$ cat start_7.txt   # compact mmCIF, C-alpha atoms
# COMPACT_ATOMS: atom_id res chain seq x y z
CA MET A 1 16.29 -3.78 23.43
CA PHE A 2 14.97 -0.28 24.12
CA GLY A 3 11.89 0.87 26.04
CA ILE A 4 9.43 3.72 26.33
CA VAL A 5 8.52 4.61 29.91
CA GLY A 6 5.28 6.34 30.89
CA ASP A 7 2.13 6.33 33.00
CA PRO A 8 -0.20 5.79 31.18
CA ILE A 9 1.44 4.00 28.26
CA ALA A 10 -1.52 2.75 26.17
CA GLN A 11 -1.52 5.92 24.05
CA VAL A 12 2.03 5.61 22.68
CA ARG A 13 2.77 4.63 19.09
CA SER A 14 6.55 5.00 19.12
CA PRO A 15 7.20 1.25 19.70
CA GLU A 16 5.86 0.33 16.27
CA MET A 17 7.49 3.29 14.52
CA ILE A 18 10.92 3.08 16.17
CA THR A 19 11.05 -0.70 15.79
CA TRP A 20 10.19 -0.26 12.10
CA GLU A 21 12.99 2.31 11.74
CA PHE A 22 15.47 -0.09 13.37
CA HIS A 23 14.47 -2.82 10.92
CA ARG A 24 14.57 -0.42 7.97
CA ARG A 25 18.21 0.29 8.85
CA GLY A 26 19.00 -3.40 9.25
CA ILE A 27 19.41 -3.13 13.05
CA ASP A 28 18.31 -6.14 15.16
CA ALA A 29 16.53 -4.19 17.89
CA LEU A 30 13.06 -3.26 19.13
CA LEU A 31 11.36 -0.72 21.40
CA VAL A 32 8.84 -2.00 23.97
CA PRO A 33 6.22 -0.10 26.03
CA LEU A 34 6.91 -0.06 29.78
CA HIS A 35 4.05 1.05 32.03
CA VAL A 36 5.80 2.31 35.16
CA PRO A 37 3.39 3.63 37.83
CA VAL A 38 4.24 7.12 39.09
CA ALA A 39 4.83 5.90 42.65
CA GLU A 40 7.28 3.21 41.42
CA PHE A 41 9.33 5.30 38.99
CA ASP A 42 12.32 6.00 41.26
CA THR A 43 12.55 2.29 42.15
CA VAL A 44 11.87 0.72 38.75
CA MET A 45 14.10 2.93 36.58
CA PRO A 46 17.43 2.09 38.27
CA ALA A 47 16.55 -1.61 38.00
CA LEU A 48 15.74 -1.34 34.30
CA MET A 49 18.93 0.61 33.67
CA ARG A 50 20.97 -2.25 35.18
CA LEU A 51 19.69 -4.72 32.57
CA PRO A 52 22.62 -5.26 30.15
CA ASN A 53 20.40 -5.63 27.07
CA PHE A 54 18.52 -2.35 27.61
CA GLY A 55 20.36 0.30 25.62
CA GLY A 56 18.09 3.25 26.31
CA PHE A 57 14.61 4.67 26.79
CA VAL A 58 12.15 7.07 25.32
CA VAL A 59 10.59 8.94 28.25
CA THR A 60 7.03 10.23 28.09
CA ILE A 61 4.31 11.68 30.38
CA PRO A 62 4.75 12.31 33.29
CA PHE A 63 8.45 11.51 33.70
CA LYS A 64 10.31 13.92 31.40
CA THR A 65 11.54 16.07 34.26
CA ARG A 66 12.03 13.32 36.85
CA ALA A 67 14.19 11.33 34.42
CA LEU A 68 16.87 14.04 34.55
CA ALA A 69 18.05 12.48 37.82
CA PHE A 70 19.21 9.40 35.90
CA ALA A 71 21.29 11.19 33.25
CA ASN A 72 25.02 11.78 33.72
CA HIS A 73 25.28 13.89 30.56
CA LEU A 74 22.66 16.23 29.06
CA GLY A 75 22.31 17.63 25.57
CA LEU A 76 21.84 21.36 25.11
CA GLN A 77 18.02 21.22 24.78
CA ALA A 78 17.70 19.16 27.95
CA GLN A 79 20.02 21.52 29.83
CA VAL A 80 17.99 24.57 28.83
CA LEU A 81 14.52 23.07 29.31
CA GLY A 82 15.15 20.87 32.34
CA SER A 83 13.49 17.79 30.83
CA LEU A 84 14.28 14.92 28.48
CA ASN A 85 12.58 12.33 26.31
CA LEU A 86 15.66 10.32 25.33
CA LEU A 87 17.83 8.45 27.85
CA VAL A 88 20.61 6.32 26.39
CA ARG A 89 23.51 4.22 27.67
CA ARG A 90 26.90 5.52 26.53
CA SER A 91 29.92 3.34 25.72
CA ASP A 92 31.50 4.03 29.13
CA GLY A 93 28.36 2.86 30.96
CA SER A 94 27.14 6.34 31.86
CA TRP A 95 23.79 7.70 30.65
CA GLY A 96 23.06 10.64 28.38
CA GLY A 97 19.76 12.44 27.92
CA ASP A 98 18.19 15.01 25.61
CA ILE A 99 14.75 16.17 24.45
CA LEU A 100 13.72 16.04 20.78
CA ASP A 101 9.96 16.79 20.89
CA GLY A 102 10.34 20.31 19.54
CA MET A 103 12.36 19.21 16.52
CA GLY A 104 9.66 16.68 15.65
CA CYS A 105 6.92 19.31 15.83
CA VAL A 106 8.78 21.71 13.54
CA ALA A 107 9.44 18.84 11.11
CA ALA A 108 5.70 18.03 11.05
CA PHE A 109 4.86 21.62 10.08
CA GLN A 110 7.64 21.73 7.48
CA ASN A 111 6.48 18.44 5.94
CA ARG A 112 3.01 19.95 5.49
CA GLY A 113 4.35 23.21 4.07
CA ILE A 114 2.88 25.24 6.95
CA PRO A 115 4.94 28.39 7.64
CA ILE A 116 5.81 29.47 11.18
CA GLU A 117 7.83 32.63 10.53
CA GLY A 118 5.77 35.76 11.14
CA ARG A 119 2.78 33.80 12.48
CA ARG A 120 0.92 34.16 15.79
CA LEU A 121 0.94 31.06 18.02
CA MET A 122 -1.12 30.00 21.04
CA ILE A 123 0.61 27.20 22.99
CA VAL A 124 -1.30 25.34 25.72
CA GLY A 125 0.84 23.23 28.07
CA LEU A 126 4.53 23.84 28.74
CA GLY A 127 5.64 20.56 30.31
CA GLY A 128 8.46 18.52 28.82
CA ALA A 129 7.01 18.35 25.31
CA GLY A 130 5.34 21.77 25.41
CA GLY A 131 8.45 23.61 26.50
CA ALA A 132 10.51 21.92 23.78
CA ILE A 133 7.86 22.72 21.17
CA ALA A 134 7.72 26.37 22.27
CA CYS A 135 11.50 26.78 22.00
CA ALA A 136 11.72 24.98 18.65
CA MET A 137 8.90 27.10 17.26
CA ALA A 138 10.60 30.25 18.57
CA ALA A 139 13.67 29.36 16.52
CA ARG A 140 11.47 29.72 13.40
CA GLN A 141 10.87 33.43 14.22
CA PRO A 142 7.10 33.72 14.78
CA ALA A 143 5.71 37.22 15.28
CA ARG A 144 3.88 36.43 18.52
CA MET A 145 3.61 33.57 21.01
CA ARG A 146 1.02 33.37 23.77
CA LEU A 147 1.76 30.81 26.51
CA HIS A 148 -0.51 29.03 28.94
CA ASP A 149 0.32 26.50 31.65
CA LEU A 150 -1.13 25.77 35.09
CA ASN A 151 2.35 26.41 36.53
CA PRO A 152 3.15 30.17 36.38
CA GLN A 153 6.86 29.57 37.07
CA ARG A 154 7.02 27.30 34.03
CA CYS A 155 5.40 30.00 31.91
CA ALA A 156 7.93 32.58 33.05
CA PHE A 157 10.83 30.21 32.41
CA ILE A 158 9.75 29.34 28.86
CA GLN A 159 9.09 33.02 28.18
CA SER A 160 12.70 33.78 29.14
CA CYS A 161 13.95 30.94 26.89
CA ILE A 162 11.99 32.29 23.93
CA ALA A 163 13.36 35.79 24.56
CA ARG A 164 16.90 34.42 24.17
CA ILE A 165 16.06 32.37 21.08
CA SER A 166 14.00 34.98 19.20
CA PRO A 167 14.21 38.46 20.76
CA ALA A 168 11.89 39.93 18.10
CA THR A 169 9.02 37.57 18.97
CA VAL A 170 6.38 39.15 21.20
CA VAL A 171 5.61 36.77 24.08
CA ASP A 172 2.73 37.05 26.54
CA ILE A 173 1.24 34.76 29.17
CA GLY A 174 -2.44 34.24 29.79
CA PRO A 175 -5.49 32.02 29.42
CA PRO A 176 -5.84 30.11 26.14
CA THR A 177 -7.41 32.10 23.32
CA ILE A 178 -7.77 31.84 19.57
CA GLU A 179 -8.46 35.53 19.08
CA GLY A 180 -5.84 36.98 16.76
CA MET A 181 -4.04 33.62 16.44
CA ASP A 182 -2.88 31.77 13.31
CA ILE A 183 -1.79 28.53 14.99
CA LEU A 184 -3.18 26.73 18.06
CA ILE A 185 -0.91 24.14 19.69
CA ASN A 186 -2.10 21.79 22.42
CA ALA A 187 0.85 20.25 24.25
CA SER A 188 -1.15 19.46 27.40
CA PRO A 189 -2.58 15.98 28.20
CA VAL A 190 -6.14 17.31 27.91
CA GLY A 191 -7.90 15.08 25.38
CA MET A 192 -5.70 12.02 25.89
CA LEU A 193 -7.24 8.53 25.80
CA GLU A 194 -10.85 8.76 27.09
CA ASP A 195 -10.62 12.43 28.11
CA ALA A 196 -13.39 14.24 26.21
CA ARG A 197 -12.36 17.75 27.28
CA LEU A 198 -10.98 20.54 25.12
CA PRO A 199 -7.81 22.43 26.17
CA LEU A 200 -9.68 25.76 25.88
CA GLU A 201 -13.28 26.90 26.18
CA VAL A 202 -14.58 27.29 22.64
CA GLN A 203 -17.62 26.14 20.70
CA THR A 204 -16.18 26.77 17.25
CA LEU A 205 -12.88 27.62 15.54
CA PRO A 206 -12.13 29.89 12.57
CA SER A 207 -11.51 27.88 9.42
CA ASP A 208 -8.18 29.63 8.72
CA LEU A 209 -6.70 28.45 12.06
CA VAL A 210 -4.00 25.75 12.00
CA VAL A 211 -4.57 23.33 14.90
CA PHE A 212 -1.89 20.96 16.22
CA ASP A 213 -2.40 18.44 19.01
CA ALA A 214 0.70 16.70 20.42
CA ILE A 215 -1.42 13.80 21.72
CA VAL A 216 -0.79 10.58 19.79
CA MET A 217 -3.64 8.47 21.20
CA PRO A 218 -6.36 8.93 20.29
CA GLU A 219 -5.21 10.13 16.89
CA GLN A 220 -8.48 12.06 16.54
CA THR A 221 -8.62 14.06 19.77
CA PRO A 222 -11.68 16.14 20.73
CA LEU A 223 -9.75 19.28 19.69
CA LEU A 224 -8.84 17.88 16.27
CA ALA A 225 -12.39 16.62 15.73
CA LEU A 226 -13.73 20.13 16.36
CA ALA A 227 -11.01 21.65 14.16
CA GLU A 228 -11.85 19.36 11.24
CA HIS A 229 -15.57 20.06 11.68
CA CYS A 230 -14.79 23.79 11.42
CA GLY A 231 -12.65 23.36 8.30
CA CYS A 232 -9.29 24.05 9.98
CA THR A 233 -5.97 22.64 8.84
CA VAL A 234 -4.97 20.00 11.42
CA VAL A 235 -1.56 18.55 12.30
CA ARG A 236 -1.59 15.38 14.39
CA GLY A 237 0.63 14.17 17.20
CA ARG A 238 1.58 11.15 15.10
CA GLU A 239 3.14 13.55 12.57
CA MET A 240 5.33 15.05 15.31
CA MET A 241 6.38 11.55 16.38
CA LEU A 242 7.22 10.63 12.78
CA GLY A 243 9.30 13.81 12.55
CA GLN A 244 11.51 12.81 15.47
CA ILE A 245 11.71 9.02 14.95
CA PRO A 246 14.94 9.18 12.87
CA LYS A 247 16.52 11.51 15.45
CA LEU A 248 15.58 9.19 18.34
CA VAL A 249 17.05 6.19 16.54
CA ASP A 250 20.18 8.20 15.72
CA GLY A 251 20.49 8.92 19.45
CA PHE A 252 20.12 5.24 20.34
CA LEU A 253 22.73 4.21 17.77
CA SER A 254 25.20 7.03 18.53
CA PRO A 255 24.82 7.44 22.30
CA ASP A 256 28.19 9.08 22.90
CA GLY A 257 26.94 12.12 21.00
CA ILE A 258 24.83 13.11 24.00
$ encode --input "start_7.txt" --output "structure tokens"
Amino acid sequence: MFGIVGDPIAQVRSPEMITWEFHRRGIDALLVPLHVPVAEFDTVMPALMRLPNFGGFVVTIPFKTRALAFANHLGLQAQVLGSLNLLVRRSDGSWGGDILDGMGCVAAFQNRGIPIEGRRLMIVGLGGAGGAIACAMAARQPARMRLHDLNPQRCAFIQSCIARISPATVVDIGPPTIEGMDILINASPVGMLEDARLPLEVQTLPSDLVVFDAIVMPEQTPLLALAEHCGCTVVRGREMMLGQIPKLVDGFLSPDGI
């Protein structure tokens, strides 16, 4: 048995997709949603990790940074970004962790034939998923990346990571804007579940803008609804999840690789 840990948890769709991938591979396993309240996380997680038939966890909002405390070994992405979304029990009983969100986002764009190289990106939200997405996108050599997060230290840190990954990419920090942008990426929780807000103050979007929202539930977020109304190309959070499902299952089945 494996679990996905978050607060809230109603928006996740990885249990159905990861369980399906286990069954497709002939593995007798399933992933279950675990709603762990924020105030109980540090108490509940050690208890769950002591259960012999729990082999690992997908970690989602808002625990991707806090979960680092429970990992004995970290993959390179988790080391650089200081967050994880995969926590897995190794053969010696220790726990390994890594973050795969960025790889899933890039795979979603590649599957749609949407180029990233030479493009101009606006990224809103640089938490666990957003930071991973920004770094994975940087590896595809965009011309420009504009970053926005409510935490200025986080912005500065991700800017420094991008500078190491793609020195030729121009990176600036500031309020969200679509002016001069080719791709808009929302990696913030704005628009999740019953939240009707948009991640930036706009009334309309140019039809040639590519709009990606990392939120999985609802599948049609307020941002994506506006983007479709304006004739934009949209990429959904479910597509990012589908892009990383095989990698998450690989991590569960080969835990000593982390």
$ atom_distance --input "start_7.txt" --atom1 "atom CA of A:Leu74" --atom2 "atom CA of A:Met1"
21.7 Å
$ closest_residue --input "start_7.txt" --among "A:Ile116, A:Gly251, A:Leu81, A:Ala138" --to "A:Phe57" --atoms "all atoms listed in the file"
A:Gly251
$ closest_residue --input "start_7.txt" --among "A:Pro62, A:Pro218, A:Gly174, A:Gly97" --to "A:Val12" --atoms "only C-alpha atoms"
A:Pro218
$ atom_distance --input "start_7.txt" --atom1 "atom CA of A:Leu242" --atom2 "atom CA of A:Val216"
10.6 Å
$ closest_atom_pairs --input "start_7.txt" --of "stretch 153-188 of chain A" --to "stretch 101-106 of chain A" --cutoff "12 Å" --atoms "all atoms listed in the file" --output "tab-separated table"
residue	atom	partner	partner_atom	distance
A:Ile185	CA	A:Cys105	CA	10.0
A:Asn186	CA	A:Cys105	CA	11.4
A:Ala187	CA	A:Asp101	CA	10.3
$ closest_residue --input "start_7.txt" --among "A:Pro189, A:Pro255, A:Gly56, A:Gly125" --to "A:Leu30" --atoms "all atoms listed in the file"
A:Gly56
$ residues_around --input "start_7.txt" --residues "A:Arg90" --least-positions-apart "5" --cutoff "10 Å" --atoms "only C-alpha atoms" --output "list in words"
Gly55, Gly56, Asn72, His73, Trp95, Gly96, Phe252, Leu253, Ser254, Pro255, Asp256, Gly257 and Ile258 of chain A
$ write_last_selection --input "start_7.txt" --atoms "C-alpha atoms" --output "PDB file, keeping the file's coordinate frame"
ATOM      1  CA  GLY A  55      20.360   0.300  25.620  1.00  0.00           C
ATOM      2  CA  GLY A  56      18.090   3.250  26.310  1.00  0.00           C
ATOM      3  CA  ASN A  72      25.020  11.780  33.720  1.00  0.00           C
ATOM      4  CA  HIS A  73      25.280  13.890  30.560  1.00  0.00           C
ATOM      5  CA  TRP A  95      23.790   7.700  30.650  1.00  0.00           C
ATOM      6  CA  GLY A  96      23.060  10.640  28.380  1.00  0.00           C
ATOM      7  CA  PHE A 252      20.120   5.240  20.340  1.00  0.00           C
ATOM      8  CA  LEU A 253      22.730   4.210  17.770  1.00  0.00           C
ATOM      9  CA  SER A 254      25.200   7.030  18.530  1.00  0.00           C
ATOM     10  CA  PRO A 255      24.820   7.440  22.300  1.00  0.00           C
ATOM     11  CA  ASP A 256      28.190   9.080  22.900  1.00  0.00           C
ATOM     12  CA  GLY A 257      26.940  12.120  21.000  1.00  0.00           C
ATOM     13  CA  ILE A 258      24.830  13.110  24.000  1.00  0.00           C
TER      14      ILE A 258
END
$ residues_around --input "start_7.txt" --residues "stretch 112-115 of chain A" --least-positions-apart "4" --cutoff "12 Å" --atoms "all atoms listed in the file" --output "PyMOL selection string"
chain A and resi 105-108+119-121+137+140-143+182-183+209-212+233-236+239-240+243
$ build_atoms --input "start_7.txt" --residues "stretch 115-139 of chain A" --atoms "N, CA and C atoms" --output "compact mmCIF listing (two decimals), keeping the file's coordinate frame"
# COMPACT_ATOMS: atom_id res chain seq x y z
N PRO A 115 3.91 27.46 7.15
CA PRO A 115 4.94 28.39 7.64
C PRO A 115 4.74 28.75 9.11
N ILE A 116 5.83 29.04 9.78
CA ILE A 116 5.81 29.47 11.18
C ILE A 116 6.30 30.91 11.30
N GLU A 117 7.27 31.28 10.48
CA GLU A 117 7.83 32.63 10.53
C GLU A 117 6.74 33.67 10.34
N GLY A 118 6.72 34.66 11.23
CA GLY A 118 5.77 35.76 11.14
C GLY A 118 4.37 35.43 11.59
N ARG A 119 4.12 34.19 12.07
CA ARG A 119 2.78 33.80 12.48
C ARG A 119 2.57 34.06 13.97
N ARG A 120 1.30 33.95 14.38
CA ARG A 120 0.92 34.16 15.79
C ARG A 120 0.47 32.82 16.37
N LEU A 121 1.14 32.39 17.46
CA LEU A 121 0.94 31.06 18.02
C LEU A 121 0.35 31.12 19.42
N MET A 122 -0.61 30.24 19.69
CA MET A 122 -1.12 30.00 21.04
C MET A 122 -0.67 28.60 21.45
N ILE A 123 0.10 28.49 22.54
CA ILE A 123 0.61 27.20 22.99
C ILE A 123 0.03 26.89 24.37
N VAL A 124 -0.67 25.77 24.47
CA VAL A 124 -1.30 25.34 25.72
C VAL A 124 -0.52 24.15 26.26
N GLY A 125 0.07 24.31 27.45
CA GLY A 125 0.84 23.23 28.07
C GLY A 125 2.32 23.39 27.81
N LEU A 126 3.10 23.58 28.88
CA LEU A 126 4.53 23.84 28.74
C LEU A 126 5.36 22.85 29.54
N GLY A 127 4.86 21.61 29.67
CA GLY A 127 5.64 20.56 30.31
C GLY A 127 6.80 20.17 29.43
N GLY A 128 7.29 18.94 29.58
CA GLY A 128 8.46 18.52 28.82
C GLY A 128 8.31 18.73 27.33
N ALA A 129 7.22 18.20 26.75
CA ALA A 129 7.01 18.35 25.31
C ALA A 129 6.67 19.79 24.96
N GLY A 130 5.78 20.41 25.73
CA GLY A 130 5.34 21.77 25.41
C GLY A 130 6.46 22.79 25.44
N GLY A 131 7.33 22.69 26.44
CA GLY A 131 8.45 23.61 26.50
C GLY A 131 9.39 23.44 25.32
N ALA A 132 9.64 22.17 24.94
CA ALA A 132 10.51 21.92 23.78
C ALA A 132 9.88 22.43 22.50
N ILE A 133 8.57 22.24 22.36
CA ILE A 133 7.86 22.72 21.17
C ILE A 133 7.93 24.24 21.10
N ALA A 134 7.70 24.91 22.24
CA ALA A 134 7.72 26.37 22.27
C ALA A 134 9.08 26.90 21.84
N CYS A 135 10.15 26.30 22.34
CA CYS A 135 11.50 26.78 22.00
C CYS A 135 11.85 26.48 20.54
N ALA A 136 11.45 25.31 20.05
CA ALA A 136 11.72 24.98 18.65
C ALA A 136 10.94 25.89 17.72
N MET A 137 9.70 26.19 18.07
CA MET A 137 8.90 27.10 17.26
C MET A 137 9.50 28.51 17.29
N ALA A 138 9.99 28.92 18.45
CA ALA A 138 10.60 30.25 18.57
C ALA A 138 11.77 30.40 17.63
N ALA A 139 12.51 29.31 17.42
CA ALA A 139 13.67 29.36 16.52
C ALA A 139 13.27 29.62 15.07
